$ cat model01.txt   # compact mmCIF, C-alpha atoms
# COMPACT_ATOMS: atom_id res chain seq x y z
CA MET A 1 0.00 0.00 0.00
CA ILE A 2 1.31 3.44 -0.93
CA ILE A 3 -0.06 6.39 1.02
CA LYS A 4 0.51 9.67 -0.82
CA MET A 5 0.73 12.03 2.15
CA LEU A 6 0.33 15.15 0.01
CA ASP A 7 -3.23 14.10 -0.83
CA PHE A 8 -4.14 14.04 2.85
CA VAL A 9 -2.05 16.73 4.54
CA GLY A 10 -1.22 19.30 1.86
CA GLU A 11 2.23 20.85 1.77
CA TYR A 12 2.83 20.79 5.53
CA ALA A 13 2.01 17.88 7.83
CA GLU A 14 0.81 19.21 11.20
CA ASN A 15 -2.82 18.13 11.54
CA LYS A 16 -2.88 15.31 14.09
CA ASP A 17 -6.50 14.42 13.35
CA ILE A 18 -5.36 13.38 9.88
CA ALA A 19 -2.37 11.47 11.26
CA ARG A 20 -4.61 9.59 13.67
CA ARG A 21 -7.11 8.77 10.91
CA LEU A 22 -4.37 7.45 8.60
CA ARG A 23 -2.93 5.37 11.41
CA ILE A 24 -6.24 3.80 12.43
CA LYS A 25 -7.84 3.37 9.00
CA GLU A 26 -4.85 2.61 6.79
CA ILE A 27 -1.58 1.76 8.54
CA MET A 28 -2.72 -0.49 11.40
CA PRO A 29 -5.08 -2.67 9.29
CA ALA A 30 -2.38 -3.09 6.61
CA LEU A 31 0.22 -4.15 9.17
CA LEU A 32 -2.26 -6.56 10.75
CA ASP A 33 -2.57 -8.21 7.33
CA GLY A 34 1.22 -8.30 6.97
CA GLU A 35 1.05 -5.82 4.09
CA ALA A 36 3.93 -3.45 3.32
CA VAL A 37 3.17 0.27 3.72
CA VAL A 38 4.95 3.08 1.89
CA LEU A 39 4.47 6.57 3.35
CA ASP A 40 5.24 8.81 0.40
CA PHE A 41 5.96 12.40 1.50
CA GLY A 42 6.62 13.68 -2.03
CA GLY A 43 5.48 17.32 -2.25
CA VAL A 44 5.27 17.72 1.54
CA SER A 45 7.87 20.22 2.77
CA GLY A 46 7.81 19.48 6.50
CA ALA A 47 6.10 17.77 9.40
CA THR A 48 5.79 18.38 13.12
CA GLN A 49 6.97 15.85 15.66
CA SER A 50 3.39 15.64 16.97
CA PHE A 51 2.11 14.65 13.53
CA ILE A 52 4.74 11.94 13.00
CA HIS A 53 4.25 10.71 16.57
CA ALA A 54 0.50 10.32 16.06
CA LEU A 55 1.16 8.56 12.75
CA ILE A 56 3.75 5.93 13.70
CA VAL A 57 4.31 5.48 17.44
CA MET A 58 1.33 3.21 18.08
CA PRO A 59 2.20 0.88 15.16
CA MET A 60 5.87 0.86 16.27
CA ARG A 61 4.90 -0.13 19.78
CA GLU A 62 2.37 -2.75 18.70
CA PHE A 63 4.27 -4.35 15.83
CA GLY A 64 7.89 -3.91 16.99
CA ASP A 65 10.37 -5.37 14.47
CA LYS A 66 7.58 -6.06 11.98
CA PHE A 67 6.96 -2.30 11.73
CA PHE A 68 10.54 -1.72 10.56
CA GLU A 69 10.28 -4.55 8.04
CA LEU A 70 7.00 -3.42 6.54
CA VAL A 71 6.91 0.38 6.75
CA LYS A 72 9.01 2.52 4.42
CA PHE A 73 9.27 6.29 4.13
CA LYS A 74 9.68 7.71 0.64
CA ASN A 75 10.54 11.15 -0.79
CA CYS A 76 11.13 12.72 2.61
CA SER A 77 12.67 16.20 2.81
CA SER A 78 15.70 16.52 5.09
CA THR A 79 13.56 17.99 7.89
CA ILE A 80 10.93 15.26 7.63
CA LYS A 81 13.72 12.66 7.79
CA GLN A 82 15.06 14.27 10.96
CA VAL A 83 11.62 14.42 12.59
CA VAL A 84 10.91 10.76 11.72
CA GLN A 85 14.28 9.79 13.20
CA ILE A 86 13.63 11.81 16.38
CA VAL A 87 10.30 10.05 16.90
CA SER A 88 11.73 6.64 16.01
CA GLU A 89 14.68 6.98 18.38
CA TYR A 90 12.79 8.26 21.43
CA THR A 91 10.09 5.64 20.91
CA GLN A 92 12.64 2.82 20.78
CA GLU A 93 14.46 4.23 23.81
CA GLY A 94 11.10 4.32 25.62
CA MET A 95 10.30 0.75 24.57
CA ALA A 96 13.66 -0.33 25.96
CA ILE A 97 12.80 1.28 29.33
CA GLU A 98 9.60 -0.71 29.51
CA GLY A 99 11.48 -3.87 28.55
CA MET B 1 -8.26 43.90 35.34
CA LYS B 2 -5.75 46.28 33.87
CA ILE B 3 -3.04 45.66 31.28
CA THR B 4 -0.39 48.31 30.90
CA PHE B 5 1.70 48.54 27.75
CA SER B 6 5.00 50.37 27.92
CA ASN B 7 8.04 50.93 25.75
CA VAL B 8 10.07 48.08 27.24
CA ASP B 9 7.72 45.15 26.83
CA GLN B 10 10.02 42.88 24.85
CA LEU B 11 10.94 39.42 26.14
CA LYS B 12 14.21 40.60 27.65
CA SER B 13 12.29 42.54 30.28
CA PHE B 14 9.01 40.63 30.07
CA ASN B 15 8.77 40.27 33.84
CA TYR B 16 8.21 44.03 33.98
CA PHE B 17 5.17 43.72 31.69
CA LEU B 18 3.80 40.76 33.67
CA SER B 19 4.30 42.35 37.07
CA THR B 20 2.63 45.64 36.15
CA ASN B 21 -0.66 43.99 35.14
CA ASP B 22 -3.57 43.84 37.56
CA LEU B 23 -5.62 40.67 37.01
CA SER B 24 -7.66 40.88 40.22
CA ASP B 25 -11.09 42.11 39.06
CA SER B 26 -12.29 39.87 36.24
CA SER B 27 -15.53 41.81 35.64
CA LYS B 28 -13.85 44.30 33.29
CA LEU B 29 -10.60 44.85 31.40
CA ARG B 30 -8.84 48.15 30.75
CA ILE B 31 -5.89 48.26 28.39
CA ILE B 32 -3.75 51.35 28.88
CA SER B 33 -0.51 52.92 27.79
CA GLU B 34 0.88 56.18 29.04
CA THR B 35 4.05 56.25 26.98
CA ASN B 36 4.54 58.26 23.83
CA TRP B 37 5.59 55.24 21.89
CA MET B 38 5.11 51.55 22.36
CA ASN B 39 7.63 48.78 22.00
CA ILE B 40 5.76 45.61 22.80
CA HIS B 41 6.18 41.96 21.95
CA PRO B 42 3.37 40.08 20.09
CA ALA B 43 2.94 38.02 23.28
CA CYS B 44 1.52 41.19 24.94
CA ILE B 45 -1.07 41.54 22.16
CA SER B 46 -2.03 37.85 22.34
CA PHE B 47 -2.33 38.10 26.13
CA ALA B 48 -4.59 41.18 25.98
CA ALA B 49 -6.76 39.67 23.22
CA ALA B 50 -7.19 36.37 25.08
CA LEU B 51 -8.29 38.16 28.25
CA ALA B 52 -10.58 40.48 26.27
CA ALA B 53 -12.27 37.53 24.57
CA GLU B 54 -12.75 35.87 27.95
CA ILE B 55 -14.34 38.94 29.51
CA GLY B 56 -16.30 40.11 26.49
CA LYS B 57 -16.16 43.06 24.11
CA GLU B 58 -18.56 45.24 26.11
CA LYS B 59 -16.44 45.04 29.24
CA THR B 60 -13.10 45.65 27.54
CA HIS B 61 -11.78 49.13 26.84
CA ILE B 62 -8.60 50.49 25.34
CA ASP B 63 -7.54 53.73 26.95
CA VAL B 64 -4.61 54.93 24.87
CA GLN B 65 -4.27 58.66 24.15
CA ASN B 66 -1.14 58.62 22.05
CA GLU B 67 -2.08 58.42 18.37
CA ARG B 68 0.78 56.21 17.25
CA ALA B 69 0.10 53.78 20.07
CA ALA B 70 -3.61 53.62 19.18
CA MET B 71 -2.76 53.08 15.51
CA TYR B 72 -0.37 50.31 16.42
CA LEU B 73 -2.94 48.48 18.56
CA ASP B 74 -5.51 48.91 15.79
CA ARG B 75 -3.17 47.44 13.17
CA MET B 76 -2.38 44.53 15.46
CA GLY B 77 -6.12 43.78 15.65
CA LEU B 78 -6.67 44.42 19.34
CA TYR B 79 -9.64 46.78 18.88
CA GLU B 80 -11.52 43.85 17.30
CA PHE B 81 -11.80 42.34 20.76
CA THR B 82 -13.27 45.46 22.36
CA SER B 83 -16.34 47.61 21.83
CA ASP B 84 -14.08 50.64 21.25
CA VAL B 85 -13.12 52.08 17.91
CA CYS B 86 -9.67 53.48 17.20
CA HIS B 87 -10.04 57.26 17.33
CA VAL B 88 -7.18 57.93 14.93
CA GLU B 89 -7.72 58.21 11.19
CA TYR B 90 -4.76 56.91 9.23
CA THR B 91 -3.77 55.17 6.04
CA GLN B 92 -3.50 51.45 6.53
CA HIS B 93 -0.34 50.18 4.88
CA GLU B 94 -0.28 46.63 3.60
CA GLU B 95 0.48 44.33 6.52
CA THR B 96 1.78 41.55 4.28
CA GLY B 97 5.39 40.73 5.00
CA ARG B 98 5.54 42.47 8.36
CA PHE B 99 3.06 41.00 10.79
CA ILE B 100 -0.01 38.88 11.32
CA PRO B 101 -2.56 40.64 13.53
CA VAL B 102 -3.84 38.73 16.54
CA THR B 103 -5.79 35.74 15.21
CA ARG B 104 -8.08 33.39 17.10
CA ILE B 105 -7.71 29.68 16.23
CA LYS B 106 -10.09 27.13 17.71
CA THR B 107 -9.85 23.99 15.58
CA GLU B 108 -7.22 21.86 13.84
CA ALA B 109 -8.75 22.85 10.49
CA GLU B 110 -8.32 26.57 11.34
CA GLN B 111 -4.76 25.79 12.43
CA SER B 112 -4.00 24.10 9.09
CA ARG B 113 -5.39 27.06 7.13
CA PHE B 114 -3.38 29.53 9.24
CA ILE B 115 -0.17 27.58 8.70
CA THR B 116 -0.73 27.12 4.98
CA ASP B 117 -1.18 30.89 4.58
CA LEU B 118 1.90 31.81 6.63
CA HIS B 119 4.62 32.05 4.03
CA PRO B 120 2.74 34.11 1.45
CA VAL B 121 1.44 36.45 4.16
CA LEU B 122 4.91 36.97 5.65
CA HIS B 123 6.55 37.08 2.21
CA LEU B 124 8.72 34.10 3.07
CA THR B 125 9.96 31.39 0.77
CA VAL B 126 8.79 27.84 1.47
CA GLU B 127 12.31 27.11 2.77
CA GLN B 128 12.34 30.11 5.11
CA SER B 129 8.94 29.24 6.49
CA GLU B 130 9.88 25.70 7.63
CA THR B 131 10.84 26.74 11.15
CA ILE B 132 7.88 29.00 11.83
CA LYS B 133 5.43 26.43 10.47
CA TYR B 134 6.95 23.85 12.77
CA VAL B 135 6.89 26.09 15.84
CA LEU B 136 3.36 27.40 15.32
CA GLY B 137 2.11 23.94 14.39
CA GLU B 138 3.25 22.60 17.75
CA LEU B 139 2.21 25.56 19.89
CA ILE B 140 -1.30 25.97 18.45
CA ARG B 141 -1.93 22.22 18.60
CA ASN B 142 -0.91 22.24 22.28
CA VAL B 143 -3.63 24.79 23.03
CA ILE B 144 -6.32 23.01 21.03
CA GLU B 145 -5.48 19.63 22.52
CA HIS B 146 -4.55 20.31 26.14
CA SER B 147 -5.71 23.73 27.35
CA GLU B 148 -9.50 23.18 27.39
CA ALA B 149 -9.73 26.84 26.34
CA LYS B 150 -13.21 27.53 24.97
CA ASN B 151 -11.90 30.55 23.06
CA GLY B 152 -8.96 28.72 21.49
CA ALA B 153 -5.50 30.10 20.84
CA PHE B 154 -4.67 33.78 20.22
CA VAL B 155 -1.67 34.06 17.93
CA THR B 156 0.25 37.18 16.91
CA VAL B 157 3.34 37.25 14.69
CA GLN B 158 5.78 40.02 13.82
CA TYR B 159 8.57 39.73 11.27
CA VAL B 160 11.57 42.00 10.90
CA ALA B 161 12.89 41.12 7.46
CA VAL B 162 16.30 42.82 7.72
CA LYS B 163 17.17 40.75 10.79
CA GLN B 164 15.21 37.70 9.58
CA LYS B 165 13.74 37.76 13.08
CA LEU B 166 10.32 36.47 13.97
CA SER B 167 8.51 37.23 17.21
CA ILE B 168 5.57 35.08 18.19
CA GLY B 169 3.01 35.32 20.97
CA ILE B 170 0.42 32.64 21.70
CA CYS B 171 -2.02 32.74 24.57
CA ASP B 172 -5.04 30.86 25.87
CA THR B 173 -7.33 31.29 28.85
CA GLY B 174 -7.74 27.58 29.49
CA ILE B 175 -6.90 25.55 32.58
CA GLY B 176 -3.19 26.43 32.70
CA LEU B 177 -0.16 24.16 32.80
CA ARG B 178 -0.49 23.09 36.43
CA ALA B 179 -4.07 21.79 36.12
CA SER B 180 -3.25 20.19 32.77
CA LEU B 181 -0.29 18.27 34.20
CA GLU B 182 -1.86 17.45 37.59
CA ARG B 183 -3.96 14.73 35.97
CA TYR B 184 -0.93 12.45 35.69
CA HIS B 185 1.97 14.24 37.37
CA MET B 186 2.51 15.99 40.66
CA PRO B 187 3.77 19.53 40.10
CA VAL B 188 4.22 21.17 43.50
CA ASP B 189 3.43 24.64 42.20
CA ASP B 190 3.01 26.65 38.98
CA LEU B 191 6.74 26.98 38.43
CA ASP B 192 7.23 23.24 38.80
CA ALA B 193 4.43 22.71 36.26
CA ILE B 194 6.23 25.00 33.78
CA LYS B 195 9.43 23.02 34.35
CA LEU B 196 7.66 19.70 33.74
CA ALA B 197 5.94 21.03 30.61
CA LEU B 198 9.33 21.94 29.14
CA MET B 199 10.94 18.56 29.84
CA PRO B 200 11.06 15.97 27.05
CA GLY B 201 8.73 13.00 27.40
CA VAL B 202 6.42 14.53 30.04
CA SER B 203 2.87 14.55 28.69
CA GLY B 204 -0.33 15.82 30.26
CA THR B 205 -2.13 12.76 28.87
CA THR B 206 -0.25 9.99 30.70
CA ALA B 207 2.18 9.28 33.53
CA ARG B 208 4.10 7.04 31.13
CA SER B 209 7.50 8.38 30.14
CA GLY B 210 7.47 8.87 26.38
CA GLY B 211 3.74 9.54 26.25
CA THR B 212 0.87 7.73 24.57
CA GLY B 213 0.32 6.78 20.94
CA ASP B 214 -1.08 10.26 20.37
CA ASN B 215 1.12 12.43 22.59
CA ALA B 216 4.83 12.41 23.31
CA GLY B 217 5.22 15.42 25.58
CA ALA B 218 7.97 16.66 23.30
CA GLY B 219 6.41 19.71 21.65
CA LEU B 220 7.50 22.47 24.03
CA TYR B 221 10.95 20.94 24.56
CA ILE B 222 11.62 20.95 20.82
CA VAL B 223 10.27 24.49 20.37
CA LYS B 224 12.41 25.77 23.26
CA SER B 225 15.42 23.98 21.75
CA ILE B 226 14.83 25.61 18.35
CA VAL B 227 14.72 29.03 20.05
CA LYS B 228 17.89 28.27 21.99
CA MET B 229 19.70 27.12 18.85
CA THR B 230 18.78 30.40 17.13
CA ARG B 231 19.99 32.27 20.23
CA ASN B 232 16.81 34.02 21.31
CA TYR B 233 14.47 34.49 24.27
CA PHE B 234 11.69 32.09 25.25
CA VAL B 235 9.05 32.88 27.89
CA VAL B 236 6.26 30.83 29.48
CA TYR B 237 3.73 32.36 31.91
CA SER B 238 1.06 30.28 33.66
CA GLY B 239 -0.53 30.58 37.11
CA ASP B 240 1.53 32.93 39.26
CA SER B 241 4.84 31.95 37.68
CA ALA B 242 6.91 32.57 34.61
CA TYR B 243 10.07 31.12 33.11
CA LYS B 244 12.36 33.10 30.85
CA MET B 245 15.16 31.36 28.95
CA HIS B 246 17.84 33.93 28.27
CA LYS B 247 19.37 34.61 24.94
CA TYR B 248 22.44 32.44 24.41
CA ASP B 249 24.98 35.04 23.36
CA LYS B 250 28.07 32.95 22.95
CA ARG B 251 28.72 31.82 19.40
CA VAL B 252 30.22 28.35 19.33
CA LYS B 253 30.65 26.08 16.34
CA TYR B 254 28.03 23.48 17.18
CA GLY B 255 25.59 25.83 18.90
CA PRO B 256 24.47 25.82 22.49
CA ARG B 257 24.06 22.67 24.57
CA LEU B 258 20.48 21.47 24.84
CA ASN B 259 19.40 20.48 28.34
CA GLU B 260 16.67 18.11 29.44
CA ASP B 261 16.02 20.27 32.51
CA PRO B 262 14.98 23.83 31.51
CA PHE B 263 16.42 25.09 34.78
CA MET B 264 19.85 24.02 33.51
CA ASP B 265 19.53 26.62 30.77
CA LYS B 266 20.49 30.18 31.54
CA HIS B 267 17.15 31.46 32.76
CA THR B 268 15.17 33.50 35.26
CA ALA B 269 12.18 32.06 37.09
CA TYR B 270 9.49 34.27 38.58
CA ASP B 271 6.74 33.50 41.07
CA ASN B 272 4.27 35.75 42.90
CA LEU B 273 3.23 37.31 39.60
CA PRO B 274 -0.44 38.29 39.09
CA SER B 275 -2.23 34.95 38.87
CA PHE B 276 -3.20 34.02 35.31
CA GLY B 277 -5.39 30.96 34.75
CA GLY B 278 -4.26 30.21 31.20
CA THR B 279 -0.92 29.92 29.46
CA LEU B 280 1.10 32.53 27.58
CA ILE B 281 4.13 31.74 25.43
CA GLY B 282 6.37 34.33 23.84
CA LEU B 283 9.43 33.66 21.73
CA ASP B 284 11.79 35.17 19.21
CA MET B 285 13.65 33.23 16.58
CA ASN B 286 15.71 33.75 13.47
CA LEU B 287 14.78 32.15 10.22
CA GLY B 288 17.35 29.99 8.59
CA ASN B 289 17.20 27.83 5.51
CA THR B 290 16.04 24.21 5.41
CA GLU B 291 19.57 22.91 5.85
CA GLU B 292 20.06 24.92 9.04
CA PHE B 293 16.70 23.78 10.40
CA SER B 294 17.58 20.19 9.57
CA LYS B 295 20.87 20.53 11.50
CA THR B 296 18.95 21.96 14.46
CA LEU B 297 16.63 18.96 14.39
CA GLU B 298 19.65 16.63 14.21
CA LYS B 299 21.01 18.19 17.39
CA ILE B 300 17.62 17.94 19.10
CA LYS B 301 17.42 14.27 18.11
CA VAL B 302 20.73 13.55 19.85
CA SER B 303 19.83 15.54 22.98
CA TYR B 304 16.38 13.95 23.18
CA SER B 305 17.81 10.42 23.01
CA GLN B 306 20.42 11.31 25.65
CA ALA B 307 17.65 12.65 27.90
CA ILE B 308 15.63 9.45 27.57
CA ARG B 309 18.73 7.31 28.21
CA ALA B 310 19.57 9.38 31.30
CA ARG B 311 16.02 8.89 32.56
CA LYS B 312 16.32 5.18 31.82
CA ALA B 313 19.49 4.99 33.91
CA ARG B 314 17.63 6.62 36.79
CA HIS B 315 15.11 3.74 36.62
CA TYR B 316 17.72 0.99 37.00
CA LYS B 317 17.18 -1.04 40.14
CA GLU B 318 20.01 -0.86 42.64
CA ILE B 319 21.98 -3.96 43.61
CA LYS B 320 22.35 -4.42 47.34
CA PHE B 321 25.88 -5.18 48.55
CA GLU B 322 26.65 -6.40 52.04
$ encode --input "model01.txt" --output "structure tokens"
Amino acid sequence: MIIKMLDFVGEYAENKDIARRLRIKEIMPALLDGEAVVLDFGGVSGATQSFIHALIVMPMREFGDKFFELVKFKNCSSTIKQVVQIVSEYTQEGMAIEG
Amino acid sequence: MKITFSNVDQLKSFNYFLSTNDLSDSSKLRIISETNWMNIHPACISFAAALAAEIGKEKTHIDVQNERAAMYLDRMGLYEFTSDVCHVEYTQHEETGRFIPVTRIKTEAEQSRFITDLHPVLHLTVEQSETIKYVLGELIRNVIEHSEAKNGAFVTVQYVAVKQKLSIGICDTGIGLRASLERYHMPVDDLDAIKLALMPGVSGTTARSGGTGDNAGAGLYIVKSIVKMTRNYFVVYSGDSAYKMHKYDKRVKYGPRLNEDPFMDKHTAYDNLPSFGGTLIGLDMNLGNTEEFSKTLEKIKVSYSQAIRARKARHYKEIKFE
């Protein structure tokens, strides 16, 4: 499944309602079915940490290693890459705390 | 209530502005200025507008005799929140590229529209507007999601193009930081609540370090870090307390060190200020290009991970030796 983020968020990804909706209606069901998900940020200039958090933290926590196997980020600007990495790293650090 | 504007109400001396206000009688609001010229931060405008909206137009009055001061408050949109009309006739120059008058935002959809319109309104390129979109996206969302403010967020922006400097004020009259955090944390007072709100991984929606699937508790920490990296002031006022992070003057190659604990930053903390039920945030920042913003985020990523690891180490169980 390819999710073209531009179609949902416009040129800047900050609306958490949209992130939540994509997570619940698209990403989680696809991962449950073992389907690969491509989050294509082509045309999106930036994203807030809150947006990315609402989009991927729950699937990361629930699917663990499977999330990293199945979810790919495509056409990310340098700032989106940094924000995704911030969220990914603090989430994994947090998961390590909880054991 | 009485709000007094002066000619020194920038963030450097923001405690002066906060301490001169009288918030005791909430049945009416008087906004005054007795100086010949005003030099005020957008946070002052957002603060006055938020209180005016809470009290109501009919009970809010602007008592400013100086013509330039009245014109300024009119251009910044403050008269819209009162029943008064600016008494000065003047030619309204195009505001595009210089400021965004105080704007009320109540929903995520309104937030998205406001952020989409930012760069054309401020005459910024898409690259230049990355940082401000990020900062406003996080701050406005915080209000909508956590403040329980029925009137929403009041946002004012000023841009000085020659210095590439942006000043932002955002205010709400919601429950304040202490009440918001008390649901899952135990701030001992308003100042402690401000400290917790600025720490990474502390969310008002859970006691769990790292937050829930919807909230990380990272927004204010990252915004404060962006301000620190661009060497500017950052102020939070809630309850009877305020925190001011000082401008980091020293220029070093890799920028200032980012601290998990806001009290480790060069700062001043104030208590015993006039008690304010909501939350006010004021900040200045310089616009860089996308590459600079990306480097700032890289540094925040490293500091955030270090903060989480340090917290993790504090959770290790201790071995008992005999």
$ interface_residues --input "model01.txt" --of "chain B" --to "chain A" --cutoff "8 Å" --atoms "only C-alpha atoms" --output "number ranges by chain"
B: 108-109, 111-112, 116, 126, 130, 133-134, 137-138, 209-210, 212-216, 218-219, 290-291, 293-294, 297-298, 300-301, 304-305, 308-309, 312
$ atom_distance --input "model01.txt" --atom1 "atom CA of Ala207 of chain B" --atom2 "atom CA of Arg311 of chain B"
13.9 Å
$ closest_residue --input "model01.txt" --among "B:Ala153, B:Leu124, B:Leu73, B:Leu78" --to "Glu110 of chain B" --atoms "only C-alpha atoms"
B:Ala153
$ atom_distance --input "model01.txt" --atom1 "atom CA of Asp74 of chain B" --atom2 "atom CA of Gln92 of chain B"
9.8 Å
$ residues_around --input "model01.txt" --residues "segment 33-42 of chain B" --least-positions-apart "5" --cutoff "9 Å" --atoms "only C-alpha atoms" --output "VMD selection string"
chain B and resid 3 to 11 14 47 62 to 69 72 76 101 to 102 155 to 158 167 to 170 282 to 283
$ residues_around --input "model01.txt" --residues "Glu58 of chain B" --least-positions-apart "6" --cutoff "10 Å" --atoms "all atoms listed in the file" --output "list in words"
Lys28, Leu29, Ala52, Phe81, Thr82, Ser83 and Asp84 of chain B
$ residues_around --input "model01.txt" --residues "Asp7 of chain A" --least-positions-apart "4" --cutoff "10 Å" --atoms "all atoms listed in the file" --output "MDAnalysis selection string"
chainID A and resid 3 11 41:44
$ build_atoms --input "model01.txt" --residues "segment 242-254 of chain B" --atoms "N, CA, C and O atoms" --output "short mmCIF file (atom, residue, chain, number, x, y, z; two decimals), in the frame of the given file"
data_model
loop_
_atom_site.label_atom_id
_atom_site.label_comp_id
_atom_site.auth_asym_id
_atom_site.auth_seq_id
_atom_site.Cartn_x
_atom_site.Cartn_y
_atom_site.Cartn_z
N ALA B 242 6.41 32.45 35.99
CA ALA B 242 6.91 32.57 34.61
C ALA B 242 8.35 32.08 34.54
O ALA B 242 9.08 32.11 35.54
N TYR B 243 8.71 31.59 33.37
CA TYR B 243 10.07 31.12 33.11
C TYR B 243 10.57 31.88 31.89
O TYR B 243 9.87 31.95 30.88
N LYS B 244 11.77 32.43 32.01
CA LYS B 244 12.36 33.10 30.85
C LYS B 244 13.72 32.49 30.54
O LYS B 244 14.62 32.56 31.38
N MET B 245 13.85 31.85 29.38
CA MET B 245 15.16 31.36 28.95
C MET B 245 15.89 32.53 28.30
O MET B 245 15.34 33.19 27.41
N HIS B 246 17.09 32.78 28.78
CA HIS B 246 17.84 33.93 28.27
C HIS B 246 18.42 33.63 26.88
O HIS B 246 18.59 32.48 26.51
N LYS B 247 18.73 34.71 26.24
CA LYS B 247 19.37 34.61 24.94
C LYS B 247 20.77 34.02 25.13
O LYS B 247 21.50 34.44 26.03
N TYR B 248 21.11 33.05 24.32
CA TYR B 248 22.44 32.44 24.41
C TYR B 248 23.38 33.23 23.51
O TYR B 248 23.35 33.10 22.29
N ASP B 249 24.17 34.09 24.14
CA ASP B 249 24.98 35.04 23.36
C ASP B 249 26.20 34.41 22.70
O ASP B 249 26.58 34.78 21.60
N LYS B 250 26.78 33.46 23.40
CA LYS B 250 28.07 32.95 22.95
C LYS B 250 27.94 32.18 21.63
O LYS B 250 27.11 31.29 21.51
N ARG B 251 28.76 32.53 20.68
CA ARG B 251 28.72 31.82 19.40
C ARG B 251 29.76 30.71 19.40
O ARG B 251 30.95 30.96 19.43
N VAL B 252 29.30 29.49 19.41
CA VAL B 252 30.22 28.35 19.33
C VAL B 252 29.85 27.52 18.11
O VAL B 252 28.70 27.56 17.64
N LYS B 253 30.81 26.75 17.62
CA LYS B 253 30.65 26.08 16.34
C LYS B 253 29.39 25.21 16.26
O LYS B 253 28.65 25.25 15.28
N TYR B 254 29.17 24.41 17.26
CA TYR B 254 28.03 23.48 17.18
C TYR B 254 26.79 23.98 17.91
O TYR B 254 25.87 23.22 18.18
#
